[in-house]
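One file, start13.pdb, is given below (PDB, C-alpha atoms).
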```pdb
ATOM      1  CA  MET A   1     -57.624-145.794 -99.397
ATOM      2  CA  THR A   2     -58.214-144.880 -95.761
ATOM      3  CA  THR A   3     -55.607-143.763 -93.297
ATOM      4  CA  THR A   4     -55.392-142.825 -89.660
ATOM      5  CA  PRO A   5     -53.027-140.320 -88.049
ATOM      6  CA  MET A   6     -49.536-141.698 -87.686
ATOM      7  CA  THR A   7     -46.496-140.876 -85.663
ATOM      8  CA  ALA A   8     -43.159-140.162 -87.294
ATOM      9  CA  HIS A   9     -42.345-143.862 -86.966
ATOM     10  CA  GLY A  10     -45.140-144.803 -89.334
ATOM     11  CA  HIS A  11     -47.384-146.159 -86.597
ATOM     12  CA  ALA A  12     -51.024-145.434 -86.005
ATOM     13  CA  THR A  13     -51.774-145.145 -82.305
ATOM     14  CA  GLY A  14     -53.734-148.089 -80.937
ATOM     15  CA  ALA A  15     -54.353-150.784 -83.550
ATOM     16  CA  ALA A  16     -57.760-152.453 -83.622
ATOM     17  CA  LEU A  17     -57.982-155.931 -82.130
ATOM     18  CA  PRO A  18     -57.975-158.527 -84.931
ATOM     19  CA  ARG A  19     -60.559-161.280 -85.149
ATOM     20  CA  SER A  20     -59.844-164.560 -83.373
ATOM     21  CA  ARG A  21     -59.026-167.798 -85.211
ATOM     22  CA  GLY A  22     -59.601-170.466 -82.582
ATOM     23  CA  GLU A  23     -59.773-171.130 -78.849
ATOM     24  CA  LEU A  24     -56.359-169.710 -77.915
ATOM     25  CA  SER A  25     -56.691-166.468 -79.841
ATOM     26  CA  ARG A  26     -60.318-166.104 -78.777
ATOM     27  CA  THR A  27     -59.303-166.488 -75.119
ATOM     28  CA  VAL A  28     -56.567-163.844 -75.419
ATOM     29  CA  ARG A  29     -58.744-161.474 -77.430
ATOM     30  CA  GLN A  30     -61.645-161.712 -74.999
ATOM     31  CA  ALA A  31     -59.314-161.124 -72.063
ATOM     32  CA  LEU A  32     -57.961-157.956 -73.662
ATOM     33  CA  THR A  33     -61.449-156.485 -73.903
ATOM     34  CA  ARG A  34     -61.766-156.701 -70.096
ATOM     35  CA  PRO A  35     -59.958-155.022 -67.200
ATOM     36  CA  ALA A  36     -56.404-156.238 -66.628
ATOM     37  CA  GLY A  37     -56.296-159.024 -64.071
ATOM     38  CA  THR A  38     -59.540-160.648 -65.183
ATOM     39  CA  PRO A  39     -58.829-164.389 -64.766
ATOM     40  CA  LEU A  40     -58.263-166.428 -67.909
ATOM     41  CA  PRO A  41     -60.034-169.801 -68.216
ATOM     42  CA  GLN A  42     -57.720-172.383 -66.653
ATOM     43  CA  ARG A  43     -58.828-175.074 -69.098
ATOM     44  CA  VAL A  44     -57.254-173.273 -72.079
ATOM     45  CA  THR A  45     -53.952-174.860 -73.043
ATOM     46  CA  ALA A  46     -51.483-174.756 -75.924
ATOM     47  CA  VAL A  47     -50.124-178.246 -75.297
ATOM     48  CA  HIS A  48     -51.776-179.789 -78.357
ATOM     49  CA  ALA A  49     -52.055-176.712 -80.559
ATOM     50  CA  ASP A  50     -50.459-176.540 -84.005
ATOM     51  CA  PRO A  51     -47.264-174.567 -83.245
ATOM     52  CA  TYR A  52     -47.399-172.857 -86.654
ATOM     53  CA  GLY A  53     -51.179-172.650 -86.953
ATOM     54  CA  ASP A  54     -53.367-169.569 -87.225
ATOM     55  CA  ASP A  55     -54.770-169.890 -83.707
ATOM     56  CA  LEU A  56     -51.532-170.142 -81.707
ATOM     57  CA  GLN A  57     -49.662-167.661 -83.882
ATOM     58  CA  LEU A  58     -52.397-165.030 -83.672
ATOM     59  CA  ALA A  59     -52.657-165.528 -79.898
ATOM     60  CA  LEU A  60     -48.891-164.991 -79.613
ATOM     61  CA  TYR A  61     -49.102-161.941 -81.860
ATOM     62  CA  LEU A  62     -51.771-160.431 -79.591
ATOM     63  CA  CYS A  63     -49.557-160.999 -76.546
ATOM     64  CA  TYR A  64     -46.461-159.601 -78.222
ATOM     65  CA  GLU A  65     -48.162-156.476 -79.542
ATOM     66  CA  LEU A  66     -48.784-155.427 -75.945
ATOM     67  CA  HIS A  67     -45.018-154.761 -75.803
ATOM     68  CA  TYR A  68     -45.105-152.590 -78.935
ATOM     69  CA  ARG A  69     -47.978-150.149 -79.441
ATOM     70  CA  GLY A  70     -50.835-152.093 -77.886
ATOM     71  CA  PHE A  71     -54.427-152.040 -79.052
ATOM     72  CA  ALA A  72     -57.124-149.396 -79.015
ATOM     73  CA  GLY A  73     -59.192-149.626 -75.844
ATOM     74  CA  VAL A  74     -57.024-152.330 -74.232
ATOM     75  CA  ASP A  75     -55.829-151.781 -70.674
ATOM     76  CA  PRO A  76     -52.020-151.377 -70.904
ATOM     77  CA  GLU A  77     -51.660-153.269 -67.602
ATOM     78  CA  TRP A  78     -52.269-156.488 -69.565
ATOM     79  CA  GLU A  79     -48.658-156.260 -70.773
ATOM     80  CA  TRP A  80     -47.339-157.795 -67.541
ATOM     81  CA  GLU A  81     -50.441-159.590 -66.261
ATOM     82  CA  PRO A  82     -49.266-162.920 -64.722
ATOM     83  CA  GLY A  83     -52.125-165.045 -66.036
ATOM     84  CA  LEU A  84     -51.595-163.906 -69.608
ATOM     85  CA  LEU A  85     -47.828-164.340 -69.294
ATOM     86  CA  ARG A  86     -48.383-167.925 -68.114
ATOM     87  CA  LEU A  87     -50.411-168.745 -71.213
ATOM     88  CA  ARG A  88     -47.914-166.911 -73.437
ATOM     89  CA  ALA A  89     -45.050-168.932 -71.959
ATOM     90  CA  GLU A  90     -46.889-172.160 -72.755
ATOM     91  CA  MET A  91     -47.439-171.058 -76.356
ATOM     92  CA  GLU A  92     -43.812-169.942 -76.673
ATOM     93  CA  HIS A  93     -42.586-173.311 -75.429
ATOM     94  CA  ARG A  94     -44.742-175.068 -78.021
ATOM     95  CA  PHE A  95     -43.489-172.747 -80.794
ATOM     96  CA  LEU A  96     -39.820-172.813 -79.815
ATOM     97  CA  SER A  97     -39.720-176.584 -79.335
ATOM     98  CA  ALA A  98     -41.167-177.087 -82.817
ATOM     99  CA  LEU A  99     -38.648-174.683 -84.332
ATOM    100  CA  ARG A 100     -35.688-176.398 -82.701
ATOM    101  CA  ALA A 101     -36.907-179.737 -84.063
ATOM    102  CA  ASP A 102     -37.565-178.446 -87.566
ATOM    103  CA  VAL A 103     -34.648-176.159 -88.433
ATOM    104  CA  GLY A 104     -32.128-178.999 -88.675
ATOM    105  CA  SER A 105     -29.003-180.193 -86.935
ATOM    106  CA  PRO A 106     -27.055-177.765 -84.743
ATOM    107  CA  ARG A 107     -24.050-176.100 -86.401
ATOM    108  CA  THR A 108     -21.720-173.152 -85.941
ATOM    109  CA  ALA A 109     -22.550-169.515 -86.575
ATOM    110  CA  GLU A 110     -19.813-169.374 -89.196
ATOM    111  CA  GLU A 111     -21.385-172.253 -91.122
ATOM    112  CA  ALA A 112     -24.872-170.763 -90.940
ATOM    113  CA  LEU A 113     -23.739-167.306 -92.061
ATOM    114  CA  ALA A 114     -21.581-168.710 -94.873
ATOM    115  CA  ASP A 115     -24.623-170.430 -96.376
ATOM    116  CA  LEU A 116     -26.425-167.085 -96.615
ATOM    117  CA  LEU A 117     -23.748-165.755 -98.961
ATOM    118  CA  VAL A 118     -24.346-168.501-101.527
ATOM    119  CA  GLU A 119     -27.508-168.051-103.577
ATOM    120  CA  PRO A 120     -28.371-171.017-105.818
ATOM    121  CA  VAL A 121     -28.526-170.153-109.520
ATOM    122  CA  ASP A 122     -31.998-171.702-109.666
ATOM    123  CA  ALA A 123     -33.294-169.809-106.598
ATOM    124  CA  ASP A 124     -36.987-169.090-107.016
ATOM    125  CA  GLY A 125     -38.315-167.206-104.018
ATOM    126  CA  PRO A 126     -40.865-164.381-103.839
ATOM    127  CA  SER A 127     -38.376-161.669-104.834
ATOM    128  CA  GLN A 128     -37.307-163.601-107.939
ATOM    129  CA  PHE A 129     -40.940-164.244-108.855
ATOM    130  CA  LEU A 130     -41.989-160.628-108.325
ATOM    131  CA  MET A 131     -39.007-159.250-110.231
ATOM    132  CA  GLY A 132     -39.584-161.382-113.309
ATOM    133  CA  ARG A 133     -43.317-161.881-113.618
ATOM    134  CA  GLY A 134     -45.113-160.525-110.602
ATOM    135  CA  GLU A 135     -48.193-158.400-111.232
ATOM    136  CA  LEU A 136     -49.147-155.246-109.363
ATOM    137  CA  TRP A 137     -51.811-157.046-107.321
ATOM    138  CA  GLN A 138     -49.165-159.488-106.102
ATOM    139  CA  PHE A 139     -46.820-156.659-105.090
ATOM    140  CA  ARG A 140     -49.729-155.131-103.154
ATOM    141  CA  GLU A 141     -50.355-158.426-101.346
ATOM    142  CA  TYR A 142     -46.664-158.762-100.561
ATOM    143  CA  ALA A 143     -46.598-155.279 -99.052
ATOM    144  CA  ALA A 144     -49.775-155.929 -97.036
ATOM    145  CA  GLN A 145     -48.252-159.117 -95.574
ATOM    146  CA  ARG A 146     -44.890-157.501 -94.848
ATOM    147  CA  SER A 147     -46.526-154.499 -93.190
ATOM    148  CA  LEU A 148     -46.901-156.576 -90.027
ATOM    149  CA  TYR A 149     -43.161-156.153 -89.587
ATOM    150  CA  HIS A 150     -42.092-153.208 -91.709
ATOM    151  CA  LEU A 151     -44.386-150.714 -89.967
ATOM    152  CA  LYS A 152     -42.315-151.437 -86.866
ATOM    153  CA  GLU A 153     -39.073-152.181 -88.698
ATOM    154  CA  ALA A 154     -36.040-152.505 -86.403
ATOM    155  CA  ASP A 155     -38.139-152.269 -83.226
ATOM    156  CA  PRO A 156     -37.815-155.980 -82.253
ATOM    157  CA  HIS A 157     -34.050-155.933 -82.775
ATOM    158  CA  ALA A 158     -33.657-152.911 -80.491
ATOM    159  CA  TRP A 159     -34.406-155.161 -77.500
ATOM    160  CA  VAL A 160     -30.986-156.771 -77.849
ATOM    161  CA  ILE A 161     -29.058-153.514 -77.324
ATOM    162  CA  PRO A 162     -29.027-153.507 -73.481
ATOM    163  CA  ARG A 163     -28.026-157.183 -73.593
ATOM    164  CA  LEU A 164     -24.841-156.536 -75.566
ATOM    165  CA  THR A 165     -21.532-155.015 -74.507
ATOM    166  CA  GLY A 166     -18.541-153.339 -76.124
ATOM    167  CA  ARG A 167     -17.999-153.770 -79.853
ATOM    168  CA  ALA A 168     -21.251-155.649 -80.419
ATOM    169  CA  LYS A 169     -23.336-152.974 -78.673
ATOM    170  CA  ALA A 170     -21.635-150.067 -80.495
ATOM    171  CA  ALA A 171     -22.087-151.719 -83.898
ATOM    172  CA  MET A 172     -25.700-152.700 -83.209
ATOM    173  CA  VAL A 173     -26.574-149.135 -82.233
ATOM    174  CA  ALA A 174     -24.856-147.822 -85.378
ATOM    175  CA  VAL A 175     -26.971-150.038 -87.633
ATOM    176  CA  GLU A 176     -30.176-149.318 -85.728
ATOM    177  CA  TYR A 177     -29.433-145.592 -85.976
ATOM    178  CA  ASP A 178     -29.641-145.920 -89.759
ATOM    179  CA  GLU A 179     -32.810-148.025 -89.528
ATOM    180  CA  PHE A 180     -34.413-145.281 -87.451
ATOM    181  CA  GLY A 181     -33.592-142.589 -89.984
ATOM    182  CA  ALA A 182     -30.220-141.323 -88.707
ATOM    183  CA  GLY A 183     -31.971-138.524 -86.845
ATOM    184  CA  ARG A 184     -34.426-137.646 -89.627
ATOM    185  CA  ALA A 185     -38.030-138.659 -89.051
ATOM    186  CA  GLU A 186     -38.890-138.781 -92.751
ATOM    187  CA  ARG A 187     -36.125-141.366 -93.335
ATOM    188  CA  ILE A 188     -37.174-143.850 -90.643
ATOM    189  CA  HIS A 189     -37.563-147.131 -92.504
ATOM    190  CA  ALA A 190     -41.025-147.742 -91.077
ATOM    191  CA  ARG A 191     -42.021-144.330 -92.462
ATOM    192  CA  LEU A 192     -40.560-145.221 -95.856
ATOM    193  CA  PHE A 193     -42.585-148.437 -95.885
ATOM    194  CA  ALA A 194     -45.745-146.520 -95.068
ATOM    195  CA  ASP A 195     -44.933-144.323 -98.079
ATOM    196  CA  LEU A 196     -44.539-147.463-100.199
ATOM    197  CA  MET A 197     -47.935-148.695 -99.043
ATOM    198  CA  ALA A 198     -49.577-145.377 -99.864
ATOM    199  CA  ASP A 199     -47.958-145.464-103.306
ATOM    200  CA  LEU A 200     -49.516-148.893-103.876
ATOM    201  CA  GLY A 201     -52.936-147.716-102.707
ATOM    202  CA  LEU A 202     -52.832-149.602 -99.401
ATOM    203  CA  ASP A 203     -54.090-148.520 -95.997
ATOM    204  CA  THR A 204     -51.102-147.387 -93.911
ATOM    205  CA  THR A 205     -52.837-147.914 -90.570
ATOM    206  CA  TYR A 206     -50.601-149.870 -88.188
ATOM    207  CA  GLY A 207     -52.001-153.395 -87.825
ATOM    208  CA  ARG A 208     -54.532-152.934 -90.625
ATOM    209  CA  TYR A 209     -53.658-156.194 -92.416
ATOM    210  CA  VAL A 210     -53.294-158.573 -89.476
ATOM    211  CA  ASP A 211     -56.700-160.099 -90.224
ATOM    212  CA  SER A 212     -55.674-160.613 -93.848
ATOM    213  CA  ALA A 213     -52.256-162.148 -93.144
ATOM    214  CA  GLY A 214     -51.955-165.885 -92.709
ATOM    215  CA  ALA A 215     -50.167-167.939 -90.080
ATOM    216  CA  GLU A 216     -47.003-167.971 -92.201
ATOM    217  CA  MET A 217     -46.526-164.204 -91.879
ATOM    218  CA  LEU A 218     -47.536-164.210 -88.223
ATOM    219  CA  THR A 219     -44.916-166.899 -87.571
ATOM    220  CA  ASN A 220     -42.327-164.793 -89.371
ATOM    221  CA  VAL A 221     -42.929-161.670 -87.305
ATOM    222  CA  ASN A 222     -43.537-163.549 -84.047
ATOM    223  CA  LEU A 223     -40.110-165.148 -84.346
ATOM    224  CA  MET A 224     -38.263-161.872 -83.832
ATOM    225  CA  SER A 225     -40.546-160.872 -80.966
ATOM    226  CA  LEU A 226     -39.926-164.221 -79.285
ATOM    227  CA  PHE A 227     -36.166-163.773 -79.593
ATOM    228  CA  GLY A 228     -36.289-160.120 -78.600
ATOM    229  CA  LEU A 229     -38.343-160.506 -75.442
ATOM    230  CA  HIS A 230     -36.092-163.149 -73.891
ATOM    231  CA  ARG A 231     -32.570-162.276 -72.763
ATOM    232  CA  ALA A 232     -31.737-165.978 -72.902
ATOM    233  CA  LEU A 233     -32.345-165.828 -76.678
ATOM    234  CA  ARG A 234     -30.123-162.791 -77.334
ATOM    235  CA  GLY A 235     -27.788-164.889 -79.457
ATOM    236  CA  ALA A 236     -30.701-166.073 -81.594
ATOM    237  CA  LEU A 237     -31.872-162.474 -82.076
ATOM    238  CA  VAL A 238     -28.399-161.458 -83.255
ATOM    239  CA  GLY A 239     -28.514-164.415 -85.646
ATOM    240  CA  HIS A 240     -31.909-163.286 -86.890
ATOM    241  CA  PHE A 241     -30.604-159.760 -87.430
ATOM    242  CA  ALA A 242     -27.564-161.062 -89.298
ATOM    243  CA  ALA A 243     -29.733-163.212 -91.555
ATOM    244  CA  VAL A 244     -32.036-160.303 -92.382
ATOM    245  CA  GLU A 245     -29.205-157.892 -93.145
ATOM    246  CA  THR A 246     -27.230-160.431 -95.189
ATOM    247  CA  THR A 247     -30.127-161.382 -97.468
ATOM    248  CA  SER A 248     -31.809-157.979 -97.688
ATOM    249  CA  SER A 249     -29.651-156.246-100.286
ATOM    250  CA  PRO A 250     -29.999-158.707-103.215
ATOM    251  CA  GLY A 251     -33.682-159.276-102.455
ATOM    252  CA  SER A 252     -34.344-155.545-102.279
ATOM    253  CA  ARG A 253     -32.628-155.016-105.643
ATOM    254  CA  ARG A 254     -34.936-157.561-107.257
ATOM    255  CA  LEU A 255     -38.034-156.041-105.667
ATOM    256  CA  ALA A 256     -37.062-152.514-106.723
ATOM    257  CA  ASN A 257     -36.543-153.723-110.301
ATOM    258  CA  GLY A 258     -39.873-155.532-110.250
ATOM    259  CA  LEU A 259     -41.705-152.458-108.984
ATOM    260  CA  ARG A 260     -40.166-150.383-111.766
ATOM    261  CA  ARG A 261     -41.288-152.982-114.279
ATOM    262  CA  VAL A 262     -44.940-152.827-113.191
ATOM    263  CA  GLY A 263     -44.907-149.024-113.118
ATOM    264  CA  ALA A 264     -45.114-148.476-109.366
ATOM    265  CA  GLY A 265     -44.559-144.966-108.062
ATOM    266  CA  PRO A 266     -41.273-143.520-106.803
ATOM    267  CA  ALA A 267     -41.996-144.042-103.087
ATOM    268  CA  ALA A 268     -42.606-147.756-103.635
ATOM    269  CA  VAL A 269     -39.361-148.155-105.571
ATOM    270  CA  HIS A 270     -37.440-145.989-103.104
ATOM    271  CA  PHE A 271     -38.096-148.213-100.096
ATOM    272  CA  TYR A 272     -36.312-151.172-101.655
ATOM    273  CA  ALA A 273     -33.712-149.097-103.503
ATOM    274  CA  GLU A 274     -32.740-147.573-100.139
ATOM    275  CA  HIS A 275     -32.173-151.041 -98.702
ATOM    276  CA  VAL A 276     -29.912-152.193-101.535
ATOM    277  CA  GLU A 277     -27.054-149.903-100.540
ATOM    278  CA  ALA A 278     -27.788-149.518 -96.828
ATOM    279  CA  ASP A 279     -28.072-153.228 -96.077
ATOM    280  CA  ALA A 280     -24.989-154.114 -98.103
ATOM    281  CA  VAL A 281     -23.047-151.904 -95.672
ATOM    282  CA  HIS A 282     -24.996-153.154 -92.661
ATOM    283  CA  GLU A 283     -24.270-156.772 -93.531
ATOM    284  CA  GLN A 284     -20.541-156.240 -93.159
ATOM    285  CA  ILE A 285     -20.929-154.412 -89.843
ATOM    286  CA  VAL A 286     -23.303-157.017 -88.439
ATOM    287  CA  ARG A 287     -21.160-160.004 -89.409
ATOM    288  CA  ARG A 288     -17.843-158.484 -88.317
ATOM    289  CA  ASP A 289     -18.771-156.446 -85.269
ATOM    290  CA  VAL A 290     -22.207-157.441 -83.955
ATOM    291  CA  VAL A 291     -21.837-161.201 -84.380
ATOM    292  CA  GLY A 292     -18.055-161.110 -84.002
ATOM    293  CA  GLY A 293     -18.205-158.889 -80.934
ATOM    294  CA  LEU A 294     -20.910-160.976 -79.273
ATOM    295  CA  LEU A 295     -19.074-164.254 -79.792
ATOM    296  CA  GLU A 296     -15.798-162.736 -78.666
ATOM    297  CA  ALA A 297     -17.465-161.746 -75.391
ATOM    298  CA  GLU A 298     -19.748-164.807 -75.099
ATOM    299  CA  PRO A 299     -18.418-167.694 -77.221
ATOM    300  CA  ALA A 300     -20.946-170.076 -75.665
ATOM    301  CA  LEU A 301     -23.672-168.332 -77.705
ATOM    302  CA  ASP A 302     -22.272-169.548 -81.036
ATOM    303  CA  GLY A 303     -24.933-172.243 -81.424
ATOM    304  CA  ASP A 304     -27.694-169.783 -80.517
ATOM    305  CA  VAL A 305     -26.568-167.384 -83.246
ATOM    306  CA  ALA A 306     -26.629-170.261 -85.752
ATOM    307  CA  PHE A 307     -30.103-171.262 -84.555
ATOM    308  CA  GLY A 308     -31.313-167.681 -85.055
ATOM    309  CA  VAL A 309     -29.995-167.677 -88.623
ATOM    310  CA  ASP A 310     -31.486-171.060 -89.451
ATOM    311  CA  ALA A 311     -34.861-170.347 -87.829
ATOM    312  CA  THR A 312     -35.096-167.099 -89.801
ATOM    313  CA  GLU A 313     -34.384-168.888 -93.075
ATOM    314  CA  TRP A 314     -36.849-171.674 -92.191
ATOM    315  CA  THR A 315     -39.724-169.293 -91.484
ATOM    316  CA  GLU A 316     -38.902-167.167 -94.549
ATOM    317  CA  LYS A 317     -38.934-170.237 -96.777
ATOM    318  CA  ARG A 318     -42.260-171.323 -95.328
ATOM    319  CA  LEU A 319     -43.729-167.900 -96.016
ATOM    320  CA  GLY A 320     -42.260-167.876 -99.526
ATOM    321  CA  ASN A 321     -43.745-171.284-100.328
ATOM    322  CA  HIS A 322     -47.143-170.081 -99.191
ATOM    323  CA  LEU A 323     -46.987-166.952-101.341
ATOM    324  CA  LEU A 324     -45.727-168.710-104.457
ATOM    325  CA  THR A 325     -48.212-171.584-104.216
ATOM    326  CA  ALA A 326     -51.078-169.110-104.149
ATOM    327  CA  TRP A 327     -49.740-166.793-106.854
ATOM    328  CA  ARG A 328     -48.856-169.569-109.286
ATOM    329  CA  ASP A 329     -52.442-170.778-108.931
ATOM    330  CA  GLY A 330     -53.643-167.254-109.704
ATOM    331  CA  ARG A 331     -55.274-166.802-106.305
ATOM    332  CA  THR A 332     -54.787-164.473-103.361
ATOM    333  CA  SER A 333     -52.205-165.286-100.699
ATOM    334  CA  LEU A 334     -54.301-163.433 -98.107
ATOM    335  CA  ARG A 335     -57.057-164.715 -95.865
ATOM    336  CA  THR A 336     -59.248-161.915 -97.186
ATOM    337  CA  PRO A 337     -58.446-160.269-100.559
ATOM    338  CA  LEU A 338     -57.517-156.598-100.765
TER
END
```
Encoded form using structure tokens:
Amino acid sequence: MTTTPMTAHGHATGAALPRSRGELSRTVRQALTRPAGTPLPQRVTAVHADPYGDDLQLALYLCYELHYRGFAGVDPEWEWEPGLLRLRAEMEHRFLSALRADVGSPRTAEEALADLLVEPVDADGPSQFLMGRGELWQFREYAAQRSLYHLKEADPHAWVIPRLTGRAKAAMVAVEYDEFGAGRAERIHARLFADLMADLGLDTTYGRYVDSAGAEMLTNVNLMSLFGLHRALRGALVGHFAAVETTSSPGSRRLANGLRRVGAGPAAVHFYAEHVEADAVHEQIVRRDVVGGLLEAEPALDGDVAFGVDATEWTEKRLGNHLLTAWRDGRTSLRTPL
């Protein structure tokens, strides 16, 4: 296992630029190797790109990461470069339009959140699979995929804080305070996930597994960045946050039990065991005060909250189907095996 120095948040400074996967991602990647302001080719367009494909999703990921920790050797001025933002907006429109068409008919936030509380008795997602019959190599792949988000856990949701008021803002900050370790660097959830990765013999370098992760995981993590970076989508981001917190506790319990079964170390088990109790409490706060407070102040955002919930579940299901199809065939779920 190799590692690079990390901050207390579990991040390595300056991730390496991942390899491109098509014309869009190649255009963005090449631009980032040059001085900010270098013109992008005008002929490059996302109009006909697969909205969930490797190329568009990696290109979006490259753009979004400029708002997190950036990339080693990349001019930070690219973050707000107009030409790159124009191309990003085109890709976002393609992505968001596809999501709105695919997640299903509009409904209320109450309906969307109520569905999350009912788990079918025959549910068979990744956490059920890993708990009952997952092997250590599959847990390692799962952690490598999830590292794209968990090494910056809670960061995308923090963007909604200045866009909330009153009860919703106070509750959101309270939950985020726990996610960021409640004042203790060693308890920051991103740090705990890095410890899990180390326990499983994985490289804890921030961004290390982007090249290995498929479009399904990129779509999953890009969704929260898309919602977080647009004030107009603040309701959708709250819906995303509510969906994550509501489903986290039972899923984490299964994953902790599965890790115990395969003999994983204490740090690996601890990450998910920590989320069982913490997210059960968070779920109540988020539903009652974050969602409730937002809709009390801005009732017109009800449909946006529901869309955020449904889009989160849609992308999670797509990722789960990808993982399970590969694992049931006895093959890697990654683009390049560990």
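This file, filtered with the PyMOL selection byres ((chain A and resi 72) around 7), gives the residues Gly14, Ala15, Ala16, Gly70, Phe71, Gly73 and Val74 of chain A.
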File of the preceding selection, C-alpha atoms, as a JSON list (two decimals), in the coordinates of the input:
```json
[["chain", "number", "residue", "atom", "x", "y", "z"],
["A", 14, "GLY", "CA", -53.73, -148.09, -80.94],
["A", 15, "ALA", "CA", -54.35, -150.78, -83.55],
["A", 16, "ALA", "CA", -57.76, -152.45, -83.62],
["A", 70, "GLY", "CA", -50.84, -152.09, -77.89],
["A", 71, "PHE", "CA", -54.43, -152.04, -79.05],
["A", 73, "GLY", "CA", -59.19, -149.63, -75.84],
["A", 74, "VAL", "CA", -57.02, -152.33, -74.23]]
```
Which residues of range 151-176 of chain A come within 12 Å of range 242-252 of chain A, and for each one, what is the closest pair of atoms and their distance in Å to one decimal, counting all atoms listed in the file, sorted by chain and residue number, as a Markdown table?
```
| residue | atom | partner | partner_atom | distance |
| --- | --- | --- | --- | --- |
| A:Glu153 | CA | A:Val244 | CA | 11.4 |
| A:Ala154 | CA | A:Val244 | CA | 10.6 |
| A:His157 | CA | A:Ala242 | CA | 10.5 |
| A:Met172 | CA | A:Ala242 | CA | 10.5 |
| A:Val175 | CA | A:Glu245 | CA | 9.9 |
| A:Glu176 | CA | A:Glu245 | CA | 11.4 |
```
Which residues of range 64-128 of chain A sit at most 12 Å from range 278-286 of chain A, using only C-alpha atoms? Give each one's shortest atom pair and distance in Å (one decimal place), in chain and ascending residue order, as a tab-separated table.
```
residue	atom	partner	partner_atom	distance
A:Leu113	CA	A:Glu283	CA	10.6
A:Leu116	CA	A:Glu283	CA	11.0
A:Leu117	CA	A:Glu283	CA	10.5
```
Please write the residues picked by the PyMOL selection byres ((chain A and resi 262-275) around 8) on this file as JSON, numbers by chain.
{"A": [135, 136, 189, 192, 193, 195, 196, 197, 199, 200, 248, 249, 252, 253, 255, 256, 257, 258, 259, 260, 261, 276, 277, 278, 279, 280]}
Which residues of range 219-282 of chain A come within 12 Å of range 315-327 of chain A, and what is each one's closest atom pair and distance in Å (one decimal), counting only C-alpha atoms, sorted by chain and residue number, as JSON lines?
```
{"residue": "A:Thr219", "atom": "CA", "partner": "A:Thr315", "partner_atom": "CA", "distance": 6.9}
{"residue": "A:Asn220", "atom": "CA", "partner": "A:Thr315", "partner_atom": "CA", "distance": 5.6}
{"residue": "A:Val221", "atom": "CA", "partner": "A:Thr315", "partner_atom": "CA", "distance": 9.3}
{"residue": "A:Asn222", "atom": "CA", "partner": "A:Thr315", "partner_atom": "CA", "distance": 10.1}
{"residue": "A:Leu223", "atom": "CA", "partner": "A:Thr315", "partner_atom": "CA", "distance": 8.3}
{"residue": "A:Met224", "atom": "CA", "partner": "A:Thr315", "partner_atom": "CA", "distance": 10.8}
{"residue": "A:His240", "atom": "CA", "partner": "A:Thr315", "partner_atom": "CA", "distance": 10.9}
{"residue": "A:Ala243", "atom": "CA", "partner": "A:Glu316", "partner_atom": "CA", "distance": 10.4}
{"residue": "A:Val244", "atom": "CA", "partner": "A:Glu316", "partner_atom": "CA", "distance": 9.9}
{"residue": "A:Thr247", "atom": "CA", "partner": "A:Glu316", "partner_atom": "CA", "distance": 10.9}
```
Quick one: everything within 6 Å of range 36-49 of chain A, counting only C-alpha atoms, minus sequence neighbours fewer than 6 positions away in the same chain. Send it as number ranges by chain.
A: 77-78, 91
Selection under test: the PyMOL selection byres ((chain A and resi 159) around 12); residues as a VMD selection string:
chain A and resid 67 to 68 154 to 158 160 to 164 169 172 to 173 176 224 to 231 233 to 235 237 to 238 241
Please measure the separation of CA of Arg88 in chain A and CA of Gly303 in chain A, giving the value in Å to one decimal.
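Rounded to one decimal, the two atoms are 24.9 Å apart.
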Using CA of Ala185 in chain A and CA of Ala144 in chain A as the two end points, give the distance in Å to one decimal.
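Taking CA of Ala185 in chain A as the start and CA of Ala144 in chain A as the end point, the length is 22.4 Å.
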Pick out the closest residue to Arg208 in chain A from this set: A:Ala59, A:Leu17, A:Glu79, A:Leu84. Count all atoms listed in the file.
A:Leu17
Please compute the CA of Pro106 in chain A-CA of Leu218 in chain A distance, one decimal, in Å.
24.8 Å
List the residues sitting within 10 Å of (-47.9, -163.8, -90.8) in the file's frame, using only C-alpha atoms, as a list in words.
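Protein, DNA and RNA residues close to (-47.9, -163.8, -90.8): Tyr52, Asp54, Gln57, Leu58, Tyr61, Gln145, Arg146, Ser147, Leu148, Tyr149, Tyr209, Val210, Asp211, Ser212, Ala213, Gly214, Ala215, Glu216, Met217, Leu218, Thr219, Asn220, Val221, Asn222, Thr315, Leu319 and Leu334 of chain A.
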For C-alpha atoms, I'd like the residues from the last selection saved as a short mmCIF file (atom, residue, chain, number, x, y, z; two decimals), keeping the file's coordinate frame.
```cif
data_model
loop_
_atom_site.label_atom_id
_atom_site.label_comp_id
_atom_site.auth_asym_id
_atom_site.auth_seq_id
_atom_site.Cartn_x
_atom_site.Cartn_y
_atom_site.Cartn_z
CA TYR A 52 -47.40 -172.86 -86.65
CA ASP A 54 -53.37 -169.57 -87.22
CA GLN A 57 -49.66 -167.66 -83.88
CA LEU A 58 -52.40 -165.03 -83.67
CA TYR A 61 -49.10 -161.94 -81.86
CA GLN A 145 -48.25 -159.12 -95.57
CA ARG A 146 -44.89 -157.50 -94.85
CA SER A 147 -46.53 -154.50 -93.19
CA LEU A 148 -46.90 -156.58 -90.03
CA TYR A 149 -43.16 -156.15 -89.59
CA TYR A 209 -53.66 -156.19 -92.42
CA VAL A 210 -53.29 -158.57 -89.48
CA ASP A 211 -56.70 -160.10 -90.22
CA SER A 212 -55.67 -160.61 -93.85
CA ALA A 213 -52.26 -162.15 -93.14
CA GLY A 214 -51.96 -165.88 -92.71
CA ALA A 215 -50.17 -167.94 -90.08
CA GLU A 216 -47.00 -167.97 -92.20
CA MET A 217 -46.53 -164.20 -91.88
CA LEU A 218 -47.54 -164.21 -88.22
CA THR A 219 -44.92 -166.90 -87.57
CA ASN A 220 -42.33 -164.79 -89.37
CA VAL A 221 -42.93 -161.67 -87.30
CA ASN A 222 -43.54 -163.55 -84.05
CA THR A 315 -39.72 -169.29 -91.48
CA LEU A 319 -43.73 -167.90 -96.02
CA LEU A 334 -54.30 -163.43 -98.11
#
```
